Each structure stands twice: as structure tokens, then as C-alpha cells.
Amino acid sequence: MKKISFIFLILTLFSFSLLAQEADLEAEVEITADNETEFEDEFDDFDSIFDDAQDIEEPVAAEEPVEKAPVQIITSAFSSMVHFSGTFTGDVGLLYVLNKNDDIDDKPTGYFTFKNTLNMLVKPSNIFVIHGSLETGIDNNFSMGVSSLYFDYLLFDHLYITAGKKSISWGNLRLFNNSDYYGSGTYTGGLIKTGPRYVDIFAEDGTLLSMELRYPWSFGTITFAITGDKTSSLEPDNMNYYGSIEMSIFNTNINLFAKRPEKTSGKNAEGVVDADKVKKNLVGLELKRTIFGFDTYMQTIARIKNLNKLTSSEGYQYIVATAGLYRLWDSFDPNVGFNIEYQHEYNTETPERHYDRLAFEGGVKRLGKKNNIKIGVMSHFNITEKHGYTGLTFIVSGICPYADWTNKCAVGYGSKYDTPIFMISSAISLTLDY
């Protein structure tokens, strides 16, 4: 991480040095408003990028001015190639947790969190773009680090190359792909997550280094990716390999994908292999289609244990099928939308073997006289293990400049809790995109 931060700093200092050198040039180029062009970047991953910085204007000096001196504008490589943007979010509020399962004082507590992401983009041409993001924040502790540093390159007008420190995610699933609610451990206030996170095949791997190659063709896209969490050893056995063939047939999006994990998975520092931690190959199929205005999608993913026994359950570690339905009505006020997903897991290495889960999120926005009120509901429930949690959010936007009033309440219940957990919070939420 220190090496990546150092590279990010050097790149930034180099850009400022380039600006200083340009300002010292004697040759000035005169341009007019007709020559201005709008910045467009098809590789940009960020929601908003600053327009080109304002040019520096310098009038031509004359000892005996008779007429207006023409305005000369210095073109700067810094302003035309390097662009910055950012996002700031912060919350200041009160939180109350009633959790009789742990020895926690049932007293309201204050909390303060903020996160700031500074994005940098360097675009010397339409085929080559460098991205970087520096994140700082305060939650329980102060944190600072480079969250991404990678480049995009278009080779021969057909092959898209992305490489560096960047997370990759394939697929259309929204709810079961949320790491806050799925994975291991607990969520805020002791809420227990309702199942593993299966639907993202990249989730279990380190993302210190990644490379993605995309080749568009007449019916879709062929994608190849590599990830690894060791920059000191780029041996083939230390890397994870992924492949995807995505196509559109009869208005249906079809994606076939597979993964070969690193062969060194399960090894500890001494080189001893733990068989329970060795990752197996993954294969999957995903479909998506819009029917009567509803986005419908499904995914089936399987972890293969034995290639010679694919016709029986002994050939698989698990098979997970997920289906979802999404719709937003935004042609009238108030806007209404919902998203629901159902998941079935067949796992040959657990006593229960079959697990069913349900996830739902819905909401209404543009309520009230000023259309500034939002109400949202979310619920995640493990049907087989009979536990889950449900939350309600009430937001009033624009009570102050850049500020929303956010109120939340949630309850965790079911077989995993001795007694239900109740949570309630109220906060001023600040947001700024710059």
C-alpha cells in the first residue's frame, strides 16, 4: 500500500511540475472560443469530472497603446490532460442500540463519520487514460489510502485493456451482492448477516492487482481477467483467472463465465495446505431481460469439486441459484420502486444442504410539498435458518445546503438472537460532489 501511495504522489507532483514548465514557455498560442472542445471520456468510472481548468489570460504589453491588445491564452498540458473530482460524505448524529444478547449499555451514543474521495484522471489521448483515487475517512479510526490506481487503454480500436489496482465486478444482481448484509460476521449493532456472499465471483479474492481485457464483437463481448494480491510474486500459480462470454439474443442478455482460482490457495506461511481453504473452480450463467417494464434476471453459479463426477452431487461443493425482479415508476410523483431477490443454495458440505433466502428493498421518493421526502424499506431473511432483519429509513432532503436529515430504525430477529435487537438513529448527512 505504501508503494502505491508513493506512486500516486509522484504522479501528482509530476503533473504540477509540468504546469510550471508550461507557464515559463515564451511561445503562446492564440485560440478562440470556436476551438474549445467538450471533454468526453468513455473510459471514465467516476460520476462527474471537472471541465478543463480556466485558461490563463495575459494581455500583450505596448508602450503606446492605440488599440486594444489581443488577448493571448496559454494552453497548459496540465489543464488539458489532468482533471480532478471528488465526493465528500459525512454523518453527525445519535444512535441507540437495544441489544440484550451482549453486555452493551442501553444508552444513546453520538457518532461522527466522514469519507472523502479525491479522484484524478490523466487523459493524454482518447485511447489512453490513467485513473487514481485517494480516500480519507473517519469511522472508528482515521484511515487514508489509495483505493484505486489503474489505466485504460484501447488497442487497435477493438481491444480494451484495464490494469492496476481496481476492483472488478460482473453481473446484474443488486441485493445479494451487498457485502454489508452478506458474508461472514455481523453488521452494525450486532445484526447477523443472513448468508454467504456467493453471487460475486471476485469477492473472495484480493484486489491489489487486476487486469481486464474486453473484446466487443457483433453480438456481445468477450472478457478475460486476472487478479492477485501479491505484487512481489507474479507467478501464474498465484493469480486468479476469469473468463466471460456475454451476448444478446432475442432481447435477452446472456453471460457465461468461469473462474480458475490461484493454485496456492489454502497454503499458510509455512507452505502447509489446509484442504478446507483450497478454492475450487467456478462456473456460472446469468440471464437478464426486460418484460413489461420489469427488469428480470437470474444467475446460477456452481463450485466444482470433482470434474469427473459432474453428473452427481459429489462433483460439486455448492450450487446457488438467484432470481430477481426490479421496477421503478418515475413518470409521475411520487416515484415508487422496488427490488426483490430470492436465492436457493445447495451445499454438499453442510448438514442442512438446502438453504433459502429472501431480500427486498423498496421505497417512495419525491413526497411532500417540496418533493424532498424519501421513505425506504429493506428486509433480508434466511428462510431456512429463520432469522433476519428489517429496516426503515426516512429522509428529508435539503433542510440545509448540502445537508439531509436521515432517520433510521432496524430490528434483528429470529433463531440467531436470544432476544431481538433494536436500533434507531437520527443524523445530519452531508454530501458534496466537486
# chains A, B, ... in the order shown; residues from 1 in each chain; ligands from 1
call {"tool": "select_by_dssp", "arguments": {"residues": "range 207-412 of chain A", "states": "strand (DSSP E or B)", "output": "JSON, numbers by chain"}}
result
{"A": [209, 210, 211, 212, 213, 214, 215, 216, 217, 220, 221, 222, 223, 224, 225, 226, 227, 228, 240, 241, 242, 243, 244, 245, 246, 247, 248, 249, 252, 253, 254, 255, 256, 257, 258, 259, 260, 267, 273, 281, 282, 283, 284, 285, 286, 287, 288, 289, 290, 291, 294, 295, 296, 297, 298, 299, 300, 301, 302, 303, 304, 316, 317, 318, 319, 320, 321, 322, 323, 324, 325, 326, 327, 328, 329, 335, 336, 337, 338, 339, 340, 341, 342, 343, 344, 345, 346, 347, 354, 355, 356, 357, 358, 359, 360, 361, 362, 363, 364, 365, 366, 367, 373, 374, 375, 376, 377, 378, 379, 380, 381, 382, 387, 388, 389, 390, 391, 392, 393, 394, 395, 396, 397, 398, 399, 400, 403, 404, 405, 406, 407, 408, 409, 410, 411, 412]}
call {"tool": "closest_atom_pairs", "arguments": {"of": "range 105-214 of chain A", "to": "range 385-399 of chain A", "cutoff": "10 Å", "atoms": "only C-alpha atoms", "output": "JSON lines"}}
result
{"residue": "A:Tyr181", "atom": "CA", "partner": "A:Tyr389", "partner_atom": "CA", "distance": 9.7}
{"residue": "A:Leu191", "atom": "CA", "partner": "A:Tyr389", "partner_atom": "CA", "distance": 7.3}
{"residue": "A:Ile192", "atom": "CA", "partner": "A:Gly388", "partner_atom": "CA", "distance": 7.5}
{"residue": "A:Lys193", "atom": "CA", "partner": "A:Gly388", "partner_atom": "CA", "distance": 7.7}
{"residue": "A:Thr194", "atom": "CA", "partner": "A:Gly388", "partner_atom": "CA", "distance": 6.1}
{"residue": "A:Gly195", "atom": "CA", "partner": "A:Glu385", "partner_atom": "CA", "distance": 9.6}
call {"tool": "atom_distance", "arguments": {"atom1": "CA of Val122 in chain A", "atom2": "CA of His83 in chain A"}}
result
6.4 Å
call {"tool": "residues_around", "arguments": {"residues": "Thr136 in chain A", "least_positions_apart": "6", "cutoff": "7 Å", "atoms": "only C-alpha atoms", "output": "list of chain:residue names"}}
result
A:Lys115, A:Asn116, A:Thr117, A:Ser143, A:Met144, A:Gly145
call {"tool": "write_last_selection", "arguments": {"atoms": "C-alpha atoms", "output": "PDB file, in the first residue's frame"}}
result
ATOM      1  CA  LYS A 115     -15.360   9.920   3.917  1.00  0.00           C
ATOM      2  CA  ASN A 116     -13.685  11.944   1.203  1.00  0.00           C
ATOM      3  CA  THR A 117     -12.595  10.523  -2.144  1.00  0.00           C
ATOM      4  CA  SER A 143      -7.905   5.972   7.560  1.00  0.00           C
ATOM      5  CA  MET A 144      -6.096   7.055   4.437  1.00  0.00           C
ATOM      6  CA  GLY A 145      -5.096   5.115   1.360  1.00  0.00           C
TER       7      GLY A 145
END
call {"tool": "residues_around", "arguments": {"residues": "Asn372 in chain A", "least_positions_apart": "2", "cutoff": "12 Å", "atoms": "only C-alpha atoms", "output": "ChimeraX atom specification"}}
result
/A:333-335,364-370,374-375,394-400,403-406
call {"tool": "atom_distance", "arguments": {"atom1": "CA of Leu118 in chain A", "atom2": "CA of Asn141 in chain A"}}
result
19.2 Å
call {"tool": "residues_around", "arguments": {"residues": "Lys230 in chain A", "least_positions_apart": "2", "cutoff": "12 Å", "atoms": "only C-alpha atoms", "output": "count of residues only"}}
result
21
call {"tool": "residues_around", "arguments": {"residues": "Gly293 in chain A", "least_positions_apart": "3", "cutoff": "10 Å", "atoms": "only C-alpha atoms", "output": "ChimeraX atom specification"}}
result
/A:289-290,296,326-329
call {"tool": "write_last_selection", "arguments": {"atoms": "N, CA and C atoms", "output": "mmCIF file, in the first residue's frame"}}
result
data_model
loop_
_atom_site.group_PDB
_atom_site.id
_atom_site.type_symbol
_atom_site.label_atom_id
_atom_site.label_comp_id
_atom_site.auth_asym_id
_atom_site.auth_seq_id
_atom_site.Cartn_x
_atom_site.Cartn_y
_atom_site.Cartn_z
ATOM 1 N N ARG A 289 -33.521 -9.866 -18.817
ATOM 2 C CA ARG A 289 -34.471 -9.464 -19.847
ATOM 3 C C ARG A 289 -35.505 -8.531 -19.229
ATOM 4 N N THR A 290 -35.932 -7.538 -20.002
ATOM 5 C CA THR A 290 -36.982 -6.632 -19.575
ATOM 6 C C THR A 290 -38.320 -7.140 -20.099
ATOM 7 N N THR A 296 -36.037 -8.354 -15.189
ATOM 8 C CA THR A 296 -35.980 -9.696 -14.611
ATOM 9 C C THR A 296 -34.600 -10.292 -14.885
ATOM 10 N N TYR A 326 -36.983 -6.152 -10.657
ATOM 11 C CA TYR A 326 -36.778 -4.732 -10.325
ATOM 12 C C TYR A 326 -37.684 -3.870 -11.185
ATOM 13 N N ARG A 327 -38.244 -2.801 -10.564
ATOM 14 C CA ARG A 327 -39.064 -1.862 -11.331
ATOM 15 C C ARG A 327 -39.072 -0.521 -10.615
ATOM 16 N N LEU A 328 -38.970 0.557 -11.397
ATOM 17 C CA LEU A 328 -39.073 1.921 -10.889
ATOM 18 C C LEU A 328 -40.095 2.672 -11.720
ATOM 19 N N TRP A 329 -41.105 3.257 -11.043
ATOM 20 C CA TRP A 329 -42.084 4.116 -11.700
ATOM 21 C C TRP A 329 -41.708 5.564 -11.403
#
call {"tool": "closest_atom_pairs", "arguments": {"of": "range 205-313 of chain A", "to": "range 153-162 of chain A", "cutoff": "6 Å", "atoms": "only C-alpha atoms", "output": "JSON lines"}}
result
{"residue": "A:Met211", "atom": "CA", "partner": "A:Thr162", "partner_atom": "CA", "distance": 5.5}
{"residue": "A:Glu212", "atom": "CA", "partner": "A:Thr162", "partner_atom": "CA", "distance": 5.1}
{"residue": "A:Leu213", "atom": "CA", "partner": "A:Ile161", "partner_atom": "CA", "distance": 4.8}
{"residue": "A:Arg214", "atom": "CA", "partner": "A:Tyr160", "partner_atom": "CA", "distance": 5.0}
{"residue": "A:Tyr215", "atom": "CA", "partner": "A:Leu159", "partner_atom": "CA", "distance": 5.0}
call {"tool": "write_last_selection", "arguments": {"atoms": "C-alpha atoms", "output": "short mmCIF file (atom, residue, chain, number, x, y, z; two decimals), in the first residue's frame"}}
result
data_model
loop_
_atom_site.label_atom_id
_atom_site.label_comp_id
_atom_site.auth_asym_id
_atom_site.auth_seq_id
_atom_site.Cartn_x
_atom_site.Cartn_y
_atom_site.Cartn_z
CA MET A 211 -6.12 -6.80 -15.34
CA GLU A 212 -9.16 -6.98 -17.61
CA LEU A 213 -9.25 -7.45 -21.39
CA ARG A 214 -12.51 -6.82 -23.25
CA TYR A 215 -13.12 -7.53 -26.92
#
call {"tool": "residues_around", "arguments": {"residues": "Asn281 in chain A", "least_positions_apart": "2", "cutoff": "12 Å", "atoms": "only C-alpha atoms", "output": "MDAnalysis selection string"}}
result
chainID A and resid 201 240:243 257:263 265 278:279 283:284 301:307 315:318
